[in-house]
Structure formats: C-alpha cells, structure tokens
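Have a look at input.txt; it's compact mmCIF, C-alpha atoms:
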```txt
# COMPACT_ATOMS: atom_id res chain seq x y z
CA MET A 98 44.83 -24.61 31.04
CA ALA A 99 43.59 -21.73 28.85
CA ALA A 100 42.68 -22.57 25.29
CA MET A 101 45.15 -21.26 22.73
CA SER A 102 43.98 -19.12 19.82
CA ASP A 103 45.66 -19.39 16.42
CA ARG A 104 44.86 -15.71 15.73
CA SER A 105 47.83 -13.38 16.25
CA PRO A 106 47.16 -10.32 18.47
CA SER A 107 47.32 -7.99 15.47
CA GLN A 108 44.61 -9.84 13.50
CA PRO A 109 41.19 -8.11 13.87
CA ARG A 110 38.17 -10.27 14.71
CA PRO A 111 35.77 -10.65 11.78
CA GLN A 112 32.91 -8.19 12.28
CA ALA A 113 29.32 -9.34 11.81
CA ALA A 114 27.42 -7.05 9.44
CA PRO A 115 25.38 -4.56 11.51
CA HIS A 116 21.61 -5.05 11.67
CA ARG A 117 19.70 -2.33 9.84
CA SER A 118 16.13 -1.19 10.29
CA GLY A 119 14.14 1.67 8.89
CA PHE A 120 11.29 2.94 6.75
CA ALA A 121 10.87 2.97 2.98
CA CYS A 122 7.93 4.28 0.99
CA PHE A 123 6.80 3.74 -2.56
CA VAL A 124 5.47 6.72 -4.47
CA GLY A 125 4.26 7.13 -8.02
CA ARG A 126 1.28 7.89 -10.16
CA PRO A 127 -1.96 6.18 -9.14
CA ASN A 128 -1.96 2.54 -10.27
CA ALA A 129 1.85 2.37 -10.71
CA GLY A 130 2.03 -0.94 -8.83
CA LYS A 131 2.97 0.37 -5.37
CA SER A 132 0.54 -1.75 -3.33
CA THR A 133 1.22 -4.93 -5.34
CA LEU A 134 4.95 -4.42 -4.77
CA THR A 135 4.41 -3.93 -1.01
CA ASN A 136 2.44 -7.19 -0.86
CA ALA A 137 5.12 -9.05 -2.86
CA LEU A 138 7.94 -7.86 -0.59
CA VAL A 139 6.04 -8.71 2.61
CA GLY A 140 4.86 -12.01 1.12
CA THR A 141 1.18 -11.56 1.94
CA LYS A 142 -1.69 -9.18 1.27
CA VAL A 143 -1.33 -6.10 3.49
CA ALA A 144 -2.16 -3.31 1.02
CA ILE A 145 -5.35 -2.92 -1.01
CA THR A 146 -4.72 -3.45 -4.71
CA SER A 147 -7.13 -2.52 -7.46
CA SER A 148 -7.07 -1.82 -11.16
CA ARG A 149 -8.74 1.51 -10.30
CA PRO A 150 -6.24 4.29 -9.63
CA GLN A 151 -6.28 6.05 -6.26
CA THR A 152 -7.54 3.16 -4.11
CA THR A 153 -5.01 3.35 -1.25
CA ARG A 154 -6.10 5.84 1.40
CA HIS A 155 -4.51 4.65 4.62
CA THR A 156 -0.75 4.51 5.19
CA VAL A 157 -0.40 0.74 5.41
CA ARG A 158 2.93 -0.43 6.76
CA GLY A 159 4.16 -3.79 5.53
CA ILE A 160 7.06 -5.26 7.50
CA VAL A 161 9.80 -7.29 5.80
CA HIS A 162 11.79 -9.41 8.30
CA ARG A 163 15.31 -10.52 7.33
CA PRO A 164 18.20 -11.89 9.43
CA ASP A 165 20.23 -8.75 8.65
CA ALA A 166 17.47 -6.13 8.56
CA GLN A 167 13.89 -5.07 9.11
CA LEU A 168 12.40 -3.05 6.28
CA VAL A 169 9.15 -1.25 7.14
CA LEU A 170 7.22 -0.31 4.00
CA VAL A 171 4.92 2.69 4.13
CA ASP A 172 2.31 2.50 1.40
CA THR A 173 0.98 5.95 0.47
CA PRO A 174 -1.80 7.16 -1.85
CA GLY A 175 -0.75 8.10 -5.38
CA LEU A 176 0.31 11.73 -5.64
CA HIS A 177 -1.99 13.50 -8.09
CA LYS A 178 -3.52 16.86 -8.94
CA PRO A 179 -6.32 17.09 -6.35
CA ARG A 180 -9.91 17.91 -7.37
CA THR A 181 -11.55 17.41 -3.96
CA LEU A 182 -10.76 18.02 -0.29
CA LEU A 183 -10.12 14.27 0.02
CA GLY A 184 -7.55 14.56 -2.81
CA GLU A 185 -5.76 17.43 -1.03
CA ARG A 186 -5.61 15.45 2.20
CA LEU A 187 -4.21 12.40 0.39
CA ASN A 188 -1.43 14.54 -1.14
CA ASP A 189 -0.60 15.95 2.32
CA VAL A 190 -0.26 12.36 3.59
CA VAL A 191 2.26 11.62 0.82
CA ARG A 192 4.47 14.66 1.49
CA THR A 193 4.45 14.11 5.25
CA THR A 194 5.50 10.50 4.69
CA TRP A 195 8.43 11.51 2.45
CA ALA A 196 9.83 13.67 5.23
CA GLU A 197 9.80 10.77 7.70
CA VAL A 198 11.25 7.79 5.76
CA ASP A 199 14.84 6.62 5.20
CA VAL A 200 14.48 5.78 1.50
CA ILE A 201 11.90 6.55 -1.22
CA GLY A 202 11.09 4.15 -4.08
CA PHE A 203 9.60 5.89 -7.14
CA CYS A 204 7.43 3.37 -9.05
CA LEU A 205 7.22 3.84 -12.82
CA PRO A 206 5.33 1.21 -14.86
CA ALA A 207 7.40 -0.34 -17.65
CA ASP A 208 4.39 -0.53 -19.99
CA GLN A 209 3.57 3.20 -19.98
CA LYS A 210 5.66 6.03 -21.41
CA LEU A 211 6.77 8.62 -18.86
CA GLY A 212 4.19 11.40 -18.76
CA PRO A 213 3.43 14.74 -17.07
CA GLY A 214 2.30 12.92 -13.89
CA ASP A 215 5.68 11.18 -13.55
CA ARG A 216 7.54 14.43 -14.23
CA PHE A 217 5.41 16.23 -11.60
CA ILE A 218 6.24 13.62 -8.94
CA ALA A 219 9.93 13.53 -9.92
CA GLY A 220 10.04 17.33 -9.56
CA GLU A 221 8.49 17.05 -6.08
CA LEU A 222 10.99 14.29 -5.19
CA ALA A 223 13.88 16.50 -6.27
CA LYS A 224 12.83 18.89 -3.47
CA ALA A 225 12.72 16.10 -0.86
CA GLY A 226 16.18 16.74 0.59
CA LYS A 227 18.90 14.14 0.98
CA THR A 228 16.63 11.09 1.35
CA PRO A 229 17.96 8.40 -1.06
CA LYS A 230 15.64 7.79 -4.02
CA VAL A 231 15.43 4.46 -5.87
CA ALA A 232 13.68 4.31 -9.26
CA VAL A 233 11.62 1.09 -9.43
CA VAL A 234 10.47 0.20 -12.94
CA THR A 235 7.40 -1.98 -12.25
CA LYS A 236 5.26 -4.38 -14.33
CA THR A 237 8.22 -5.65 -16.37
CA ASP A 238 6.23 -8.81 -17.16
CA LEU A 239 4.06 -6.69 -19.51
CA VAL A 240 6.89 -5.60 -21.87
CA ASP A 241 9.65 -7.12 -24.00
CA SER A 242 13.37 -6.52 -23.38
CA LYS A 243 13.58 -3.69 -25.96
CA GLN A 244 10.71 -1.75 -24.33
CA LEU A 245 12.22 -2.32 -20.90
CA ALA A 246 15.63 -1.02 -22.01
CA GLU A 247 13.99 2.11 -23.48
CA GLN A 248 12.11 2.74 -20.22
CA LEU A 249 15.26 2.31 -18.08
CA ILE A 250 17.08 4.85 -20.30
CA ALA A 251 14.10 7.26 -20.08
CA VAL A 252 14.05 6.98 -16.26
CA ASP A 253 17.78 7.65 -16.05
CA ARG A 254 17.38 10.67 -18.35
CA LEU A 255 14.45 12.02 -16.27
CA GLY A 256 16.60 11.91 -13.14
CA ARG A 257 19.45 13.79 -14.80
CA GLU A 258 17.15 16.45 -16.25
CA LEU A 259 15.64 17.23 -12.83
CA GLY A 260 18.82 16.89 -10.76
CA LEU A 261 17.59 13.63 -9.16
CA ASP A 262 20.51 11.36 -8.31
CA TRP A 263 18.99 7.84 -8.31
CA ALA A 264 20.63 5.58 -5.70
CA GLU A 265 19.53 2.64 -7.92
CA ILE A 266 17.32 1.96 -10.95
CA VAL A 267 15.70 -1.46 -10.55
CA PRO A 268 13.31 -3.28 -12.93
CA VAL A 269 10.84 -5.59 -11.12
CA SER A 270 7.67 -7.57 -11.65
CA ALA A 271 5.73 -8.03 -8.41
CA VAL A 272 3.14 -10.22 -10.17
CA ALA A 273 5.77 -12.58 -11.64
CA GLY A 274 8.06 -12.31 -8.59
CA GLN A 275 10.99 -11.13 -10.72
CA GLN A 276 13.77 -9.18 -8.92
CA VAL A 277 11.58 -8.51 -5.86
CA SER A 278 14.21 -9.93 -3.46
CA LEU A 279 16.94 -8.00 -5.34
CA LEU A 280 14.99 -4.78 -4.67
CA ALA A 281 14.96 -5.62 -0.94
CA ASP A 282 18.73 -6.31 -1.10
CA LEU A 283 19.28 -2.84 -2.62
CA LEU A 284 16.98 -1.01 -0.18
CA VAL A 285 18.48 -2.52 3.00
CA PRO A 286 21.96 -0.85 2.77
CA LEU A 287 20.19 2.55 2.54
CA LEU A 288 18.62 2.04 6.00
CA PRO A 289 20.29 3.19 9.23
CA GLU A 290 21.87 0.67 11.59
CA GLY A 291 19.59 -0.33 14.45
CA PRO A 292 17.61 -3.10 16.14
CA PRO A 293 14.25 -4.36 14.80
CA LEU A 294 11.39 -1.87 15.22
CA TYR A 295 8.60 -4.50 15.33
CA PRO A 296 8.36 -8.01 16.83
CA GLU A 297 9.21 -10.99 14.61
CA GLY A 298 6.05 -12.20 12.86
CA ASP A 299 4.32 -8.80 12.68
CA LEU A 300 3.45 -7.99 9.06
CA THR A 301 1.73 -4.63 9.52
CA ASP A 302 0.97 -2.13 12.29
CA GLU A 303 -2.47 -1.29 10.91
CA PRO A 304 -5.35 -2.05 13.29
CA GLU A 305 -7.21 -5.15 12.13
CA GLN A 306 -10.46 -3.18 11.71
CA VAL A 307 -8.81 -0.80 9.24
CA MET A 308 -7.43 -3.72 7.22
CA VAL A 309 -10.81 -5.48 7.21
CA ALA A 310 -12.47 -2.26 5.98
CA GLU A 311 -9.88 -1.98 3.19
CA LEU A 312 -10.51 -5.57 2.05
CA ILE A 313 -14.27 -4.92 1.89
CA ARG A 314 -13.69 -1.70 -0.06
CA GLU A 315 -11.38 -3.45 -2.49
CA ALA A 316 -14.06 -6.07 -3.23
CA ALA A 317 -16.70 -3.33 -3.61
CA LEU A 318 -14.53 -1.33 -6.04
CA GLU A 319 -13.92 -4.35 -8.25
CA GLY A 320 -17.65 -4.84 -8.59
CA VAL A 321 -18.47 -1.27 -9.63
CA ARG A 322 -15.30 -0.36 -11.47
CA ASP A 323 -16.75 1.91 -14.15
CA GLU A 324 -19.82 3.38 -12.48
CA LEU A 325 -18.37 4.30 -9.10
CA PRO A 326 -14.60 4.66 -9.04
CA HIS A 327 -13.93 6.37 -5.69
CA SER A 328 -17.22 7.15 -3.98
CA ILE A 329 -17.09 4.23 -1.53
CA ALA A 330 -15.86 4.43 2.06
CA VAL A 331 -16.11 1.50 4.48
CA VAL A 332 -16.34 1.69 8.27
CA VAL A 333 -16.22 -1.48 10.39
CA GLU A 334 -18.60 -0.77 13.26
CA GLU A 335 -17.72 -3.81 15.36
CA MET A 336 -15.86 -7.12 15.33
CA ILE A 337 -17.02 -9.44 18.12
CA PRO A 338 -16.63 -13.21 18.70
CA ARG A 339 -19.99 -15.01 18.47
CA GLU A 340 -21.15 -15.98 21.97
CA GLY A 341 -21.79 -19.59 22.93
CA ARG A 342 -19.49 -21.11 20.27
CA PRO A 343 -17.20 -24.00 21.28
CA GLU A 344 -13.48 -23.10 21.31
CA SER A 345 -12.86 -25.48 18.43
CA LYS A 346 -15.45 -23.68 16.24
CA PRO A 347 -15.06 -19.92 16.74
CA LEU A 348 -16.96 -17.40 14.62
CA LEU A 349 -16.25 -13.69 14.38
CA ASP A 350 -19.20 -11.37 13.67
CA ILE A 351 -18.16 -8.33 11.61
CA HIS A 352 -20.65 -5.50 11.08
CA ALA A 353 -19.61 -2.94 8.45
CA ASN A 354 -21.19 -0.03 6.59
CA LEU A 355 -20.39 0.93 3.00
CA TYR A 356 -20.89 4.67 2.52
CA ILE A 357 -21.68 6.20 -0.88
CA GLU A 358 -22.27 9.86 -1.79
CA ARG A 359 -25.72 9.83 -3.43
CA PRO A 360 -28.91 7.77 -3.08
CA SER A 361 -28.73 6.92 -6.82
CA GLN A 362 -25.47 5.01 -6.16
CA LYS A 363 -27.11 2.67 -3.66
CA GLY A 364 -28.62 0.42 -6.32
CA ILE A 365 -25.26 0.18 -8.12
CA VAL A 366 -23.50 -1.17 -5.00
CA ILE A 367 -26.36 -3.48 -3.95
CA GLY A 368 -27.06 -4.78 -7.48
CA PRO A 369 -30.18 -6.57 -8.78
CA LYS A 370 -31.84 -8.44 -5.87
CA GLY A 371 -28.74 -7.75 -3.73
CA ALA A 372 -26.50 -9.87 -5.99
CA ARG A 373 -23.57 -7.45 -6.15
CA LEU A 374 -23.45 -6.79 -2.40
CA LYS A 375 -23.59 -10.55 -1.80
CA ASP A 376 -20.64 -10.99 -4.17
CA VAL A 377 -18.69 -8.25 -2.32
CA GLY A 378 -19.36 -10.11 0.94
CA MET A 379 -18.23 -13.48 -0.43
CA LYS A 380 -15.01 -12.13 -1.98
CA SER A 381 -13.98 -9.98 0.97
CA ARG A 382 -14.86 -12.65 3.54
CA LYS A 383 -12.38 -15.06 1.94
CA HIS A 384 -9.54 -12.50 2.31
CA ILE A 385 -10.63 -11.45 5.81
CA GLU A 386 -10.64 -15.07 7.02
CA ALA A 387 -7.14 -15.55 5.57
CA LEU A 388 -5.97 -12.35 7.28
CA LEU A 389 -7.49 -13.10 10.71
CA GLY A 390 -7.16 -16.89 10.64
CA THR A 391 -10.73 -17.47 11.82
CA PRO A 392 -14.18 -18.06 10.25
CA VAL A 393 -16.16 -14.85 9.80
CA PHE A 394 -19.82 -13.84 9.52
CA LEU A 395 -19.95 -10.59 7.55
CA ASP A 396 -22.92 -8.24 7.87
CA LEU A 397 -22.79 -5.43 5.26
CA HIS A 398 -25.08 -2.40 4.95
CA VAL A 399 -25.02 0.40 2.35
CA LYS A 400 -25.61 3.97 3.60
CA VAL A 401 -25.58 7.43 2.03
CA ALA A 402 -23.15 10.11 3.35
CA LYS A 403 -23.92 13.02 1.03
CA ASP A 404 -20.84 14.33 -0.88
CA TRP A 405 -18.51 12.94 1.80
CA GLN A 406 -15.37 13.48 -0.30
CA ARG A 407 -15.89 17.27 -0.09
CA ASP A 408 -17.18 17.59 3.48
CA PRO A 409 -14.53 18.00 6.26
CA ARG A 410 -16.91 16.78 8.97
CA GLN A 411 -17.84 13.62 7.06
CA LEU A 412 -14.19 12.97 6.12
CA ARG A 413 -13.28 13.03 9.83
CA LYS A 414 -16.16 10.68 10.65
CA LEU A 415 -15.03 8.24 7.97
CA GLY A 416 -11.45 8.26 9.23
CA PHE A 417 -9.68 10.68 6.85
```
Can the structure from this file be put into structure tokens for me?
Amino acid sequence: MAAMSDRSPSQPRPQAAPHRSGFACFVGRPNAGKSTLTNALVGTKVAITSSRPQTTRHTVRGIVHRPDAQLVLVDTPGLHKPRTLLGERLNDVVRTTWAEVDVIGFCLPADQKLGPGDRFIAGELAKAGKTPKVAVVTKTDLVDSKQLAEQLIAVDRLGRELGLDWAEIVPVSAVAGQQVSLLADLLVPLLPEGPPLYPEGDLTDEPEQVMVAELIREAALEGVRDELPHSIAVVVEEMIPREGRPESKPLLDIHANLYIERPSQKGIVIGPKGARLKDVGMKSRKHIEALLGTPVFLDLHVKVAKDWQRDPRQLRKLGF
C-alpha cells in the first residue's frame, strides 16, 4: 500500500537554499589588511602578510568551503601610484581581477583616516561596472567604539560622494577574529548560484612552489624591513624528496634563490656571519613544513639580478 502524505496537493515542497559559488577579491591601499583577512576567512595561512606595504605580488586564491557555498578569494596587490614597471604590472593585475570577480571587498583600516589613496581606489571602483562592492572596515581591534563609528560614517559618505552604492559596510578584525564569519555570510548571497568550483579540502589553487617562495620572501622582508622594503624576489628552483629515506621519515629538499637588485644589498640579506639568512631559513621552514605537512631541508642562496624591478626581461624570468 502506498504511503500517505499529510501534505495537501496545493502545498509547495520546502525548497533547499541553492548552493552558491563564485569569486570575491579584496582591494585597498597597501597594508590595509587584505591578506590577513583572506587568511582569517580561509582559516589558514595562504596569503603572505607583512607590515611592509606592497608585499603581495601573486594572485593567491583562498577557498572558503561552506555547506551552502564556496567562496573563492582572490588576493591582489595593493593598488597604488606606480613608480616602476613592476608597479605598473601590479596595478594591471588588480584591474584585470576586478573585471573577473563576482563581488569586490574594499578594505579600509579603522585606525587610519581616509586619505587620497582611498579616494583614488574608490574612484576606480566607481568605474568597475555593476559588480557589487562591500566596504570592509578592517583592524577594528586597534580603535575604540567612537573612532569606529566615525570611520563607518566617513566610509558611507565617501561612497555617496563618488556614486558608489555599497552593498554592505562591515567592520571586522581579522587578528581578533571579530565579525569574520559575518563578512562571509554577507558575501555569499552576492555570489551566483552554482556547484563548487574546487574539490572539498582545497584551500588554494596556487602551485606549492609559488606558495613556498612567498613564505621565504615574507620571512626575508621581516628581517630587512627598513633597509630593503621591496627589492627581494624569490624563485624556488626545485623541490625534491630526499632519496633513500624510509617512508616513515620523509624529507623534502627545497633549493631556492633570493634575488636582490644590487651587490651592496647582499650583505643586508645575509647578515653578519650569515645570521640573518639563517634566521630567514628557520622562520620560513616552520611555515613551509606546516603548509606541506612534511619535514623540509631548505637551501637558500642570495643572488644579484640588477635593477630587476625595472627590467621587463628580468621580471619575466622572476615570474612577473
């Protein structure tokens, strides 16, 4: 005998919410907290973070998996007034990315008054068609409630002055974990309906060698913060499992070169008796082992690539 349903024929079946998937990118002045926010949303370190502005060079995608959605975060360089060929190429990367994503998050630090750089980016965003824009007020852990309220009002006013219709204005602290999941909740409805774009468990689509190079460069930048802000590029030459190791004790050999622009910078990166380079190796190895899940032997060498930031041929060789 057929089972009876207590639903009358006219009653519609409850619809499950559609799965959404798509791309979001964070833009903003250099050092506005974009990479830290990407890492907080993904839940692990996929983007290089540094207290030096302009450290992100590769478009790192962080993937946020949820039962109802998959949010793919595209982490771009900070848009800025370029002074070198490298700077021009980084800006081109940003604008190309804007044209390809489903939603743009504009990061504005809560602890800094809005300035010409923010206005410049907001003006560029106003030209970026119908793509929804969310204003993300970052670093809220660094201000009190009065300062935060003033910044939220200033961001709203900036949007109205430039004809930018914010889909949302969200205050967050990636460092303190405040309102990070709320931001994800607000971004998801702005994505198109569709199946997941990446397999469950994937956190980024960057090749491992690129991510390893970024971790080494991050450690190198922290060591030479004032003397050498941007003149370091890292290329991983090879990553090969050490032969003859038992399966229970694998070791991955990583050989990488750090490129600087002038011979005089070599001593700065290497440090007295090699101390600084050794420190870079120790710090980056810890993060690389966490990323790859295997013990690593890291072999680092410092080389000179004269004025590479201004030389198209060298930029290509170094992956830009």
So, with all atoms listed in the file as the atoms that count, which of A:Glu344, A:Glu386, A:Glu258, A:Glu265 lies closest to A:Val309? A:Glu386
Selection: 7 Å around stretch 166-172 of chain A, only C-alpha atoms, excl. self and same-chain fewer than 6 positions, as a compact mmCIF listing (two decimals) with C-alpha atoms, in the frame of the given file:
```
# COMPACT_ATOMS: atom_id res chain seq x y z
CA HIS A 116 21.61 -5.05 11.67
CA ARG A 117 19.70 -2.33 9.84
CA SER A 118 16.13 -1.19 10.29
CA GLY A 119 14.14 1.67 8.89
CA PHE A 120 11.29 2.94 6.75
CA ALA A 121 10.87 2.97 2.98
CA CYS A 122 7.93 4.28 0.99
CA PHE A 123 6.80 3.74 -2.56
CA SER A 132 0.54 -1.75 -3.33
CA THR A 135 4.41 -3.93 -1.01
CA THR A 156 -0.75 4.51 5.19
CA VAL A 157 -0.40 0.74 5.41
CA ARG A 158 2.93 -0.43 6.76
CA GLY A 159 4.16 -3.79 5.53
CA ILE A 160 7.06 -5.26 7.50
CA VAL A 285 18.48 -2.52 3.00
CA PRO A 293 14.25 -4.36 14.80
```
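Shortest atom-to-atom contact with A:Trp405 among A:Val190, A:Ile266, A:Leu182, A:Val198: A:Leu182, counting all atoms listed in the file.
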Spatial neighbours of A:Lys236, 7 Å, all atoms listed in the file, chain gap at least 5 places, as a ChimeraX atom specification: /A:206-208,269-271
Choose the residue, out of A:Val272, A:Ala317, A:Leu211, A:Leu312, that has the smallest atom-to-atom separation from A:Ile250; count only C-alpha atoms.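 Of the candidates, the smallest distance to A:Ile250 is held by A:Leu211.
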Using all atoms listed in the file, which of the listed residues (A:Lys230, A:Arg342, A:Arg180, A:Arg314) sits closest to A:Leu287?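 Of A:Lys230, A:Arg342, A:Arg180, A:Arg314, the one nearest A:Leu287, counting all atoms listed in the file, is A:Lys230.
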Taking only C-alpha atoms into account, name the residue in A:Leu294, A:Phe203, A:Leu288, A:Val233 that is nearest to A:Val267.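 Answer, going by the shortest atom-to-atom distance: A:Val233.
Of the listed residues A:Gly291, A:Gly212, A:Pro229, A:Pro268, the one whose atoms come nearest to A:Gln244 is A:Pro268, with distances taken using all atoms listed in the file.
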Quick one: distance from atom CA of A:Leu283 to atom CA of A:Ala264 in Å, one decimal? 9.1 Å
Between atom CA of A:Gln306 and atom CA of A:Lys370 lies a distance of 28.2 Å
